Amino acid sequence: MKKWAFVSDFDGTISTKDFYWIVIEKYFPEGEELFKKWKAGEMKDIEFLTTVFSSINQEEQQIIEEIRQIPIDSYIPEFIKTIQNHGGDFYILSAGTDYYIHHILEKYDIKQVTVLSNEGYYHDKNVHMNLDPEHRHFSERYGIDKSKVIQDLKKEYETVHFAGDSEPDSHPAVYADLTFAKDVLQDILKEKHIPFIPVTTFKEIEAELKRKGFLPHV
């Protein structure tokens with residue numbers, strides 16, 4: 001059995017702004033109404049994202065430029081290296097799409113990270129998702145069932161930590177050894193009585209991992 005893994009959500013956790021907001025603000029203002037419908041429970045997450053990502057209507061080079069502007073926690077490249085240098089594997093677990101995540105990893109030259117997400121591809125001026133209902137991690141609501149992913153990783157690793165920021169992250173938090181919660185995830189986990197460590201940055205997460213003995217104090 002492998003020693004340990006750190007699993008992080010992408011949008012709002014590694015990035016400081018969800019990619020769908022970038023699309024809505026620049027190319028798809030109608031998305032604001034859809035956002036309200038989604039938050040009111042009238043749309044599944046995957047329906048909302050599929051609609052937004054297929055409403056960009058730009059050449060691929062322009063979309064990649066927008067992706068490369070996604071703001072991220074500036075400490076994340078160093079944090080990932082620190083995890084890897086101390087025997088941990090790093091995973092990104094996202095209910096968005098791997099299409100934009102891979103472009104961000106490339107921009108910051110982040111290596112040896114496994115991305116578990118909905119498969120995305122560029123076609124006809126938009127980003128589309130290739131969902132496989134037969135996949136063991138498939139979720140009708142999110143495209144990918146994060147809690148199933150964490151449960152599978154727990155069979156491979158002695159310890160699995162998780163970081164997230166929003167409702168889809170409340171499900172895997174049940175199974176992680178430590179959950180680091182940003183933003184609204186903190187309130188959701190409080191309500192559900194699921195233990196978590198409140199954080200705002202990956203620097204804070206690193207400090208907690210040192211405190212708990214997963215990383216050495218330098």
# chains A, B, ... in the order shown; residues from 1 in each chain; ligands from 1
>>> closest_atom_pairs(of="range 13-34 of chain A", to="range 165-170 of chain A", cutoff="12 Å", atoms="only C-alpha atoms", output="JSON lines")
{"residue": "A:Thr13", "atom": "CA", "partner": "A:Asp165", "partner_atom": "CA", "distance": 5.8}
{"residue": "A:Ile14", "atom": "CA", "partner": "A:Asp165", "partner_atom": "CA", "distance": 9.5}
{"residue": "A:Ser15", "atom": "CA", "partner": "A:Asp165", "partner_atom": "CA", "distance": 10.5}
{"residue": "A:Thr16", "atom": "CA", "partner": "A:Asp165", "partner_atom": "CA", "distance": 10.2}
{"residue": "A:Lys17", "atom": "CA", "partner": "A:Asp165", "partner_atom": "CA", "distance": 11.2}
{"residue": "A:Asp18", "atom": "CA", "partner": "A:Asp165", "partner_atom": "CA", "distance": 10.9}
>>> closest_atom_pairs(of="range 142-202 of chain A", to="range 67-87 of chain A", cutoff="12 Å", atoms="only C-alpha atoms", output="CSV")
residue,atom,partner,partner_atom,distance
A:Tyr157,CA,A:Gly87,CA,11.4
A:Glu158,CA,A:Gly87,CA,11.9
A:Thr159,CA,A:Gly87,CA,11.5
A:His161,CA,A:Ile83,CA,11.2
A:Thr200,CA,A:Asp73,CA,9.5
A:Thr201,CA,A:Asp73,CA,6.9
A:Phe202,CA,A:Ile76,CA,6.3
>>> closest_atom_pairs(of="range 108-161 of chain A", to="range 39-58 of chain A", cutoff="9 Å", atoms="only C-alpha atoms", output="tab-separated table")
residue	atom	partner	partner_atom	distance
A:Asp124	CA	A:Asn57	CA	7.8
A:Lys125	CA	A:Asn57	CA	4.7
A:Asn126	CA	A:Ser54	CA	4.9
A:Val127	CA	A:Phe53	CA	5.3
A:His128	CA	A:Ser54	CA	6.0
A:Met129	CA	A:Thr50	CA	6.8
A:Glu140	CA	A:Ile46	CA	7.8
A:Arg141	CA	A:Lys44	CA	5.2
A:Tyr142	CA	A:Ile46	CA	5.1
A:Gly143	CA	A:Ile46	CA	6.0
>>> select_by_dssp(residues="range 68-140 of chain A", states="helix (DSSP H, G or I)", output="PDB file with C-alpha atoms, in the first residue's frame")
ATOM      1  CA  ARG A  68      -4.011  30.814 -18.911  1.00  0.00           C
ATOM      2  CA  ILE A  76       0.345  25.890  -5.270  1.00  0.00           C
ATOM      3  CA  PRO A  77       3.318  24.966  -7.534  1.00  0.00           C
ATOM      4  CA  GLU A  78       5.642  24.969  -4.509  1.00  0.00           C
ATOM      5  CA  PHE A  79       3.080  23.156  -2.343  1.00  0.00           C
ATOM      6  CA  ILE A  80       2.741  20.347  -4.904  1.00  0.00           C
ATOM      7  CA  LYS A  81       6.536  19.931  -5.078  1.00  0.00           C
ATOM      8  CA  THR A  82       6.720  19.813  -1.273  1.00  0.00           C
ATOM      9  CA  ILE A  83       4.092  17.040  -1.143  1.00  0.00           C
ATOM     10  CA  GLN A  84       5.917  15.062  -3.845  1.00  0.00           C
ATOM     11  CA  ASN A  85       9.330  15.540  -2.221  1.00  0.00           C
ATOM     12  CA  ASP A  98      -9.620  18.412 -17.426  1.00  0.00           C
ATOM     13  CA  TYR A  99      -9.378  20.549 -20.599  1.00  0.00           C
ATOM     14  CA  TYR A 100      -8.547  23.765 -18.767  1.00  0.00           C
ATOM     15  CA  ILE A 101      -6.760  22.111 -15.828  1.00  0.00           C
ATOM     16  CA  HIS A 102      -4.089  20.631 -18.111  1.00  0.00           C
ATOM     17  CA  HIS A 103      -3.447  24.053 -19.670  1.00  0.00           C
ATOM     18  CA  ILE A 104      -2.894  25.552 -16.205  1.00  0.00           C
ATOM     19  CA  LEU A 105      -0.528  22.739 -15.173  1.00  0.00           C
ATOM     20  CA  GLU A 106       1.422  23.317 -18.369  1.00  0.00           C
ATOM     21  CA  LYS A 107       1.617  27.080 -17.795  1.00  0.00           C
TER      22      LYS A 107
END
>>> select_by_dssp(residues="range 100-214 of chain A", states="strand (DSSP E)", output="NGL selection string")
:A and (113-123 or 126-130 or 138-139 or 143-144 or 157-164 or 178-181 or 197-198)
>>> residues_around(residues="Ser117 in chain A", least_positions_apart="4", cutoff="6 Å", atoms="only C-alpha atoms", output="ChimeraX atom specification")
/A:93-95,97-98
>>> closest_residue(among="A:Ile194, A:Val23, A:Leu215, A:Met1", to="Thr179 in chain A", atoms="only C-alpha atoms")
A:Ile194
